[in-house]
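Report on one structure; see the data block that follows.
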Amino acid sequence: MTEFSTLMEKGKEATNPYLPEVAVIQKIVDETSDIKTFRLVIKNREKLKKFSFTSGQVGQVSLFGVGESTFAISSSPKTKDFLEFSVMRAGENSSALHELSVGDAVGVRAPFGNGFPVKEMEGKNILVIGGGIGIAPLRSLIFYLLGEREKYKNVKIIYGARTPNDLCFRRDLRAWKRRDDIECILAVDNKFPGWEGKVGFVPAILAEEAPAPADTVAVTCGPPIMIKFVLDELKKLGFKKEHIVTTLERRMKCGVGLCGRCNVGPKYVCVDGPVFTLAQLEELPNEI
Amino acid sequence: MSKVIAVEKIDDWLDTLNETHRIFAPFKPGGATRFEGYQRGKELDLERFAVSSPKEAFFPATETIFNFKLGKENVSETVVSLESQVKNQNQIVFGARCCDAKGLATFDTVFSGSGYQDPYFKKKRNTTLLITIACHQPANTCFCTSVGGGPADPKGADILLTSLDDKYLAQTFSTKAKTLLAGSFFTDATQKDLKEAKDKNEAARQKLKTFSVERVSQKLTKIFESEYWNEKAAKCLSCGACTYTCPTCYCFNLTDEGKSTGERVRTWDSCMFPQFTLEASGHNPRPKKDHRLRNRVNHKFSYFPTQHRMLSCVGCGRCIRHCPVSVDIREIVRGVQEV
């Protein structure tokens, strides 16, 4: 007997949460020397049609015979024909994923977690702060914000990477730069020949930009150390803890709150997160 | 329903039950007593406390989640076929202790609670009957009465056995259990049997030292950053014996075996291992053994109570008995209150 589940169901009569849906790689984009974006189409058209998610939610991508890893969904929730994961080559699974070609099949279990509070963010200024591959879930959010542009006030993006070549989603960044309804500030860690954007670490760029905290929600994702200093900086700038939103990375296996490893105190990042406000994080043990 | 069965008839009873059920019971095949599949002639051990808990009957140490087979549809497109079987077991766990039965409540809460459901656990759980035996010689590592249990607590059991010299009193606690006590092996229990069982069980309870864990949960939250954990974890070897033998530890890993044909396998994992939380980036939220010990104690005495209003420690003491360096969770929990 084969049971499938893409729309992850909870409750007594739910389907098997461990069974992935088979998806085919439709397109692969080389974002940087170590990040690739995989465009996946779920083979079961009915399931694909019903699939929906909120920016900030994650999925489990399986490479059968290798294993399964968690990645943020980087495509727009408004896109119904495919979903995208942007994967940095780091461990066994992500390295094996990087060897795949268009037409190869993978498994997908998604969506998991809570996603960004896009409804609560309506009517406010939005400040998006990303670092490195941390831009992946933020890209999905930015697509969403641009699709619902009239519901939000000013939208400002601050994004940094080690070098200009490490900036992910360069095609999207160029498009955002050209728009006049969002502000997009790019930074790299050190001076680089031909680089005309900002130079410095993301928290320093944030301090320099000093965005006004009034009526503004800040959303940040990046390496843990960057998040730590960005949160400190946002507090210094006077942002309310409830208006500082971040998304956490944790090693996950099941994605459904059962395997026991992704907890921060009594919260599981896979089901209670990965998105938390600073107010929520401060209630939890300091174990990020 | 209360019946009695003569000690020498236990094997015959098990033989009969074995015709319709897969029986999991404590045997001593070598030196140690462990839960294993029943076989006539194997030496049943209802005296000594088994090394492992019977959680394996519901949550095997290794279990296939699904099989996969990769192939080519045409030159460019791979096809994958997945097949999963959630097996129906029809089991009896025989000779578990009352703390082991209580431990299953943790599994029930996590794997078939209000969140996502684990079909593999649920199927086995729903088709398993639990026959427990009251402890009359609690070990010096036992502390069930400190965490809300007792040596003859029938909670979670379908049948509770109590040893009465040359016979066992068998008390049923579910309708399904009644059918198991039918047949010629049993006679009706007398008032004297019931009284004797009650006295013996009460005497066992008196043998246990009980300490209070009432304020532990709040206190744990307060001392999260304390040096206390460094001191307590100094001798820990991160071997994971505590979590493998624990009747409530349910953490697991999912890995693939095989290449183009293979299976995804669920195996027990342990929060005591540094790899448990190690991310591909190299970042690890619990890199040190004191972080991990702190997490284990917090999970049982603070996080789980916060999430589910119950402790996830049943006081079986296996983690104490099998720790090669004598880390004692009782001492840690009592010490927390003094920090």
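Each chain in the structure tokens gets a letter, A, B and so on, in the order shown; residues start at 1 in every chain, and ligands are counted from 1 in the order they appear.
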
Original post:
Leaving out range 58-69 of chain A and any residue of its chain fewer than 5 positions from it, which residues lie within 7 Å of it when counting only C-alpha atoms, given as a VMD selection string?
Top reply: (chain A and resid 93 106 to 113) or (chain B and resid 255 to 260 262)

What parts of range 40-227 of chain B does DSSP call helix (DSSP H, G or I)? I'd like the answer as a short mmCIF file (atom, residue, chain, number, x, y, z; two decimals) with N, CA and C atoms, in the first residue's frame.
```cif
data_model
loop_
_atom_site.label_atom_id
_atom_site.label_comp_id
_atom_site.auth_asym_id
_atom_site.auth_seq_id
_atom_site.Cartn_x
_atom_site.Cartn_y
_atom_site.Cartn_z
N PRO B 54 10.50 -2.06 27.63
CA PRO B 54 9.81 -2.71 26.50
C PRO B 54 9.35 -1.73 25.42
N LYS B 55 9.90 -0.50 25.41
CA LYS B 55 9.47 0.46 24.38
C LYS B 55 9.74 -0.07 22.98
N GLU B 56 10.70 -1.01 22.88
CA GLU B 56 11.03 -1.60 21.57
C GLU B 56 9.83 -2.24 20.89
N ALA B 57 8.87 -2.70 21.67
CA ALA B 57 7.69 -3.35 21.09
C ALA B 57 6.86 -2.36 20.28
N CYS B 98 5.49 -1.40 36.17
CA CYS B 98 4.48 -0.34 36.15
C CYS B 98 5.06 0.97 35.61
N CYS B 99 6.35 1.20 35.88
CA CYS B 99 7.00 2.42 35.37
C CYS B 99 7.10 2.36 33.84
N ASP B 100 7.31 1.15 33.30
CA ASP B 100 7.40 1.01 31.85
C ASP B 100 6.05 1.34 31.19
N ALA B 101 4.98 0.89 31.84
CA ALA B 101 3.64 1.18 31.32
C ALA B 101 3.40 2.69 31.36
N LYS B 102 3.85 3.31 32.43
CA LYS B 102 3.67 4.75 32.57
C LYS B 102 4.49 5.48 31.51
N GLY B 103 5.65 4.93 31.18
CA GLY B 103 6.52 5.53 30.17
C GLY B 103 5.82 5.65 28.83
N LEU B 104 4.92 4.72 28.56
CA LEU B 104 4.22 4.76 27.27
C LEU B 104 3.33 5.98 27.14
N ALA B 105 2.94 6.55 28.27
CA ALA B 105 2.11 7.75 28.22
C ALA B 105 2.86 8.89 27.52
N THR B 106 4.18 8.93 27.70
CA THR B 106 4.98 9.95 27.00
C THR B 106 4.90 9.73 25.50
N PHE B 107 5.04 8.48 25.08
CA PHE B 107 4.94 8.16 23.65
C PHE B 107 3.56 8.50 23.10
N ASP B 108 2.53 8.13 23.87
CA ASP B 108 1.16 8.43 23.43
C ASP B 108 0.98 9.93 23.21
N THR B 109 1.50 10.71 24.15
CA THR B 109 1.36 12.17 24.10
C THR B 109 2.05 12.75 22.87
N VAL B 110 3.25 12.23 22.58
CA VAL B 110 4.02 12.79 21.47
C VAL B 110 3.55 12.23 20.12
N PHE B 111 3.42 10.90 20.05
CA PHE B 111 3.18 10.25 18.75
C PHE B 111 1.70 10.11 18.38
N PRO B 119 2.19 7.04 12.44
CA PRO B 119 1.36 5.86 12.15
C PRO B 119 2.03 4.55 12.56
N TYR B 120 3.36 4.53 12.56
CA TYR B 120 4.08 3.29 12.88
C TYR B 120 3.91 2.94 14.36
N PHE B 121 4.06 3.95 15.21
CA PHE B 121 3.86 3.74 16.64
C PHE B 121 2.40 3.41 16.93
N LYS B 122 1.52 4.20 16.36
CA LYS B 122 0.09 4.07 16.68
C LYS B 122 -0.46 2.69 16.37
N LYS B 123 -0.07 2.18 15.21
CA LYS B 123 -0.58 0.87 14.81
C LYS B 123 -0.18 -0.18 15.83
N LYS B 124 1.08 -0.15 16.24
CA LYS B 124 1.55 -1.15 17.19
C LYS B 124 0.90 -0.95 18.57
N ARG B 125 0.79 0.30 18.93
CA ARG B 125 0.21 0.62 20.24
C ARG B 125 -1.24 0.15 20.32
N ASN B 126 -1.99 0.39 19.25
CA ASN B 126 -3.42 0.04 19.26
C ASN B 126 -3.66 -1.46 19.20
N CYS B 144 10.18 5.64 41.42
CA CYS B 144 8.88 5.87 40.78
C CYS B 144 7.93 6.71 41.63
N THR B 145 7.99 6.52 42.96
CA THR B 145 7.03 7.24 43.82
C THR B 145 7.34 8.74 43.88
N SER B 146 8.56 9.12 43.48
CA SER B 146 8.91 10.55 43.50
C SER B 146 8.39 11.28 42.27
N VAL B 147 8.04 10.51 41.24
CA VAL B 147 7.60 11.15 40.00
C VAL B 147 6.17 10.73 39.63
N THR B 175 -11.41 -3.98 28.98
CA THR B 175 -12.34 -5.03 28.54
C THR B 175 -11.60 -6.08 27.71
N LYS B 176 -10.69 -5.61 26.87
CA LYS B 176 -9.94 -6.54 26.02
C LYS B 176 -9.19 -7.56 26.87
N ALA B 177 -8.70 -7.08 28.04
CA ALA B 177 -7.86 -7.93 28.89
C ALA B 177 -8.62 -9.15 29.41
N LYS B 178 -9.93 -8.97 29.61
CA LYS B 178 -10.72 -10.05 30.21
C LYS B 178 -10.66 -11.34 29.40
N THR B 179 -10.60 -11.21 28.09
CA THR B 179 -10.57 -12.41 27.24
C THR B 179 -9.28 -13.21 27.45
N LEU B 180 -8.23 -12.52 27.88
CA LEU B 180 -6.95 -13.21 28.06
C LEU B 180 -6.93 -14.09 29.31
N LEU B 181 -7.84 -13.79 30.24
CA LEU B 181 -7.84 -14.54 31.49
C LEU B 181 -8.83 -15.71 31.44
N GLN B 191 -10.80 -13.13 48.57
CA GLN B 191 -10.59 -11.90 49.33
C GLN B 191 -9.19 -11.91 49.96
N LYS B 192 -8.76 -13.10 50.37
CA LYS B 192 -7.45 -13.27 51.01
C LYS B 192 -6.32 -12.93 50.01
N ASP B 193 -6.51 -13.40 48.78
CA ASP B 193 -5.52 -13.10 47.73
C ASP B 193 -5.39 -11.59 47.53
N LEU B 194 -6.56 -10.95 47.45
CA LEU B 194 -6.56 -9.50 47.19
C LEU B 194 -5.91 -8.75 48.35
N LYS B 195 -6.20 -9.18 49.55
CA LYS B 195 -5.65 -8.54 50.74
C LYS B 195 -4.12 -8.72 50.78
N GLU B 196 -3.69 -9.92 50.48
CA GLU B 196 -2.27 -10.23 50.50
C GLU B 196 -1.51 -9.39 49.46
N ALA B 197 -2.13 -9.27 48.27
CA ALA B 197 -1.52 -8.47 47.19
C ALA B 197 -1.41 -7.02 47.63
N LYS B 198 -2.48 -6.54 48.21
CA LYS B 198 -2.51 -5.14 48.63
C LYS B 198 -1.41 -4.87 49.66
N ASP B 199 -1.28 -5.78 50.62
CA ASP B 199 -0.27 -5.62 51.66
C ASP B 199 1.15 -5.66 51.08
N LYS B 200 1.36 -6.61 50.17
CA LYS B 200 2.69 -6.73 49.57
C LYS B 200 3.05 -5.49 48.76
N ASN B 201 2.05 -5.01 48.01
CA ASN B 201 2.29 -3.84 47.17
C ASN B 201 2.55 -2.60 48.02
N GLU B 202 1.83 -2.50 49.13
CA GLU B 202 2.02 -1.36 50.03
C GLU B 202 3.41 -1.44 50.69
N ALA B 203 3.81 -2.66 51.05
CA ALA B 203 5.13 -2.84 51.67
C ALA B 203 6.23 -2.42 50.70
N ALA B 204 6.03 -2.74 49.40
CA ALA B 204 7.02 -2.36 48.38
C ALA B 204 7.10 -0.84 48.29
N ARG B 205 5.95 -0.20 48.30
CA ARG B 205 5.90 1.26 48.22
C ARG B 205 6.66 1.88 49.38
N GLN B 206 6.50 1.29 50.56
CA GLN B 206 7.18 1.81 51.76
C GLN B 206 8.70 1.72 51.64
N LYS B 207 9.18 0.76 50.84
CA LYS B 207 10.63 0.57 50.71
C LYS B 207 11.28 1.70 49.91
N VAL B 216 10.78 21.78 40.86
CA VAL B 216 11.94 21.57 40.00
C VAL B 216 11.80 22.30 38.66
N SER B 217 10.60 22.22 38.08
CA SER B 217 10.38 22.81 36.77
C SER B 217 10.72 24.30 36.73
N GLN B 218 10.17 25.06 37.67
CA GLN B 218 10.43 26.51 37.71
C GLN B 218 11.89 26.80 38.01
N LYS B 219 12.45 26.00 38.93
CA LYS B 219 13.84 26.21 39.32
C LYS B 219 14.78 25.96 38.14
N LEU B 220 14.47 24.94 37.34
CA LEU B 220 15.31 24.64 36.18
C LEU B 220 15.38 25.83 35.22
N THR B 221 14.26 26.49 35.05
CA THR B 221 14.22 27.66 34.18
C THR B 221 15.17 28.73 34.69
N LYS B 222 15.20 28.88 36.01
CA LYS B 222 16.01 29.94 36.62
C LYS B 222 17.51 29.66 36.54
#
```

Could you give me, as a tab-separated table, a per-residue list for chain B showing, wherever an atom lies at most 8 Å from an atom of chain A, the closest pair of atoms and their distance in Å to one decimal, using only C-alpha atoms and sorting by chain then residue number from low to high?
```
residue	atom	partner	partner_atom	distance
B:Ile65	CA	A:Tyr18	CA	7.4
B:Phe66	CA	A:Leu19	CA	7.4
B:Phe68	CA	A:Phe64	CA	7.1
B:Ser76	CA	A:Gly103	CA	5.5
B:Glu77	CA	A:Gly103	CA	4.5
B:Thr78	CA	A:Asp104	CA	5.2
B:Val79	CA	A:Ala105	CA	6.4
B:Val80	CA	A:Val22	CA	6.9
B:Leu82	CA	A:Thr2	CA	6.8
B:Glu83	CA	A:Thr2	CA	5.0
B:Ser84	CA	A:Thr2	CA	5.8
B:Gln85	CA	A:Met1	CA	6.4
B:Val110	CA	A:Leu258	CA	6.5
B:Phe111	CA	A:Leu258	CA	6.8
B:Ser112	CA	A:Lys12	CA	7.1
B:Gly113	CA	A:Gly11	CA	7.7
B:Ser114	CA	A:Gly11	CA	5.8
B:Gly115	CA	A:Lys10	CA	5.4
B:Tyr116	CA	A:Lys10	CA	4.5
B:Gln117	CA	A:Gly11	CA	6.5
B:Asp118	CA	A:Asn16	CA	7.1
B:Pro119	CA	A:Asn16	CA	6.2
B:Thr221	CA	A:Pro285	CA	7.6
B:Phe224	CA	A:Pro285	CA	6.9
B:Tyr250	CA	A:Cys259	CA	7.1
B:Cys251	CA	A:Cys259	CA	4.7
B:Phe252	CA	A:Cys259	CA	5.0
B:Asn253	CA	A:Lys253	CA	6.4
B:Leu254	CA	A:Lys253	CA	6.3
B:Thr255	CA	A:Gly67	CA	5.7
B:Asp256	CA	A:Gly65	CA	5.1
B:Glu257	CA	A:Gly65	CA	5.9
B:Gly258	CA	A:Gly65	CA	5.5
B:Lys259	CA	A:Gly65	CA	4.5
B:Ser260	CA	A:Gly65	CA	6.6
B:Thr261	CA	A:Gly65	CA	7.7
B:Gly262	CA	A:Gly65	CA	6.6
B:Glu263	CA	A:Gly65	CA	7.6
B:Arg264	CA	A:Gly65	CA	8.0
B:Cys271	CA	A:Arg261	CA	7.2
B:Phe276	CA	A:Arg261	CA	6.7
B:Thr277	CA	A:Arg251	CA	5.5
B:Leu278	CA	A:Arg251	CA	6.5
B:Glu279	CA	A:Arg251	CA	5.3
B:Ala280	CA	A:Gly91	CA	4.8
B:Ser281	CA	A:Ala90	CA	6.0
B:Pro285	CA	A:Ile288	CA	5.5
B:Arg286	CA	A:Glu287	CA	7.3
B:Asn295	CA	A:Gly265	CA	7.9
B:Asn298	CA	A:Gly265	CA	7.9
B:His299	CA	A:Pro266	CA	7.5
B:Ser302	CA	A:Pro266	CA	7.8
B:Tyr303	CA	A:Pro266	CA	4.4
B:Phe304	CA	A:Pro266	CA	6.9
B:Thr306	CA	A:Pro266	CA	6.7
B:Gln307	CA	A:Pro266	CA	6.5
```

Original post:
Excluding same-chain residues fewer than 2 positions from range 210-212 of chain B, what lies within 8 Å of it counting only C-alpha atoms, as a PyMOL selection string?
Top reply: chain B and resi 143+145-146+208+214-215+334

Original post:
Lys240 in chain A: which residues within 10 Å, counting only C-alpha atoms, same-chain residues fewer than 6 positions away excluded, as a ChimeraX atom specification?
Top reply: /A:213-218,234,277-279

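These are the residues of range 39-92 of chain A assigned strand (DSSP E or B) by DSSP from backbone coordinates: Arg39, Leu40, Val41, Ile42, Val58, Gly59, Gln60, Val61, Ser62, Leu63, Gly67, Glu68, Ser69, Thr70, Phe71, Ala72, Ile73, Leu83, Glu84, Phe85, Ser86, Val87 and Met88 of chain A.
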
With C-alpha atoms retained, write the just-selected residues as an mmCIF file, in the first residue's frame.
```
data_model
loop_
_atom_site.group_PDB
_atom_site.id
_atom_site.type_symbol
_atom_site.label_atom_id
_atom_site.label_comp_id
_atom_site.auth_asym_id
_atom_site.auth_seq_id
_atom_site.Cartn_x
_atom_site.Cartn_y
_atom_site.Cartn_z
ATOM 1 C CA ARG A 39 12.927 24.534 -9.046
ATOM 2 C CA LEU A 40 10.789 21.521 -8.192
ATOM 3 C CA VAL A 41 7.523 20.367 -9.692
ATOM 4 C CA ILE A 42 5.523 17.871 -7.670
ATOM 5 C CA VAL A 58 10.392 25.207 5.384
ATOM 6 C CA GLY A 59 10.400 21.868 3.618
ATOM 7 C CA GLN A 60 12.312 18.625 3.739
ATOM 8 C CA VAL A 61 14.074 17.683 0.530
ATOM 9 C CA SER A 62 14.976 14.004 0.094
ATOM 10 C CA LEU A 63 17.629 12.614 -2.113
ATOM 11 C CA GLY A 67 19.086 11.443 3.019
ATOM 12 C CA GLU A 68 16.781 14.291 3.808
ATOM 13 C CA SER A 69 17.520 17.879 4.867
ATOM 14 C CA THR A 70 15.559 20.974 5.794
ATOM 15 C CA PHE A 71 15.566 24.084 3.619
ATOM 16 C CA ALA A 72 13.515 27.257 3.600
ATOM 17 C CA ILE A 73 11.206 27.638 0.617
ATOM 18 C CA LEU A 83 8.406 25.587 -5.508
ATOM 19 C CA GLU A 84 12.048 26.500 -5.090
ATOM 20 C CA PHE A 85 14.700 25.678 -2.531
ATOM 21 C CA SER A 86 18.034 27.486 -2.521
ATOM 22 C CA VAL A 87 20.716 25.211 -1.186
ATOM 23 C CA MET A 88 24.191 26.075 0.013
#
```

**OP:** One decimal, Å: what's the distance from CA of Phe27 in chain B over to CA of Gln39 in chain B, could you say?
**Re:**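 CA of Gln39 in chain B lies 9.6 Å from CA of Phe27 in chain B.
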
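In this structure, CA of Asp153 in chain B sits 14.9 Å away from CA of Cys313 in chain B.
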
Subject >> Gap from CA of Leu160 in chain B to CA of Lys209 in chain B - Å, one decimal >> reply: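 CA of Leu160 in chain B sits 23.0 Å away from CA of Lys209 in chain B.
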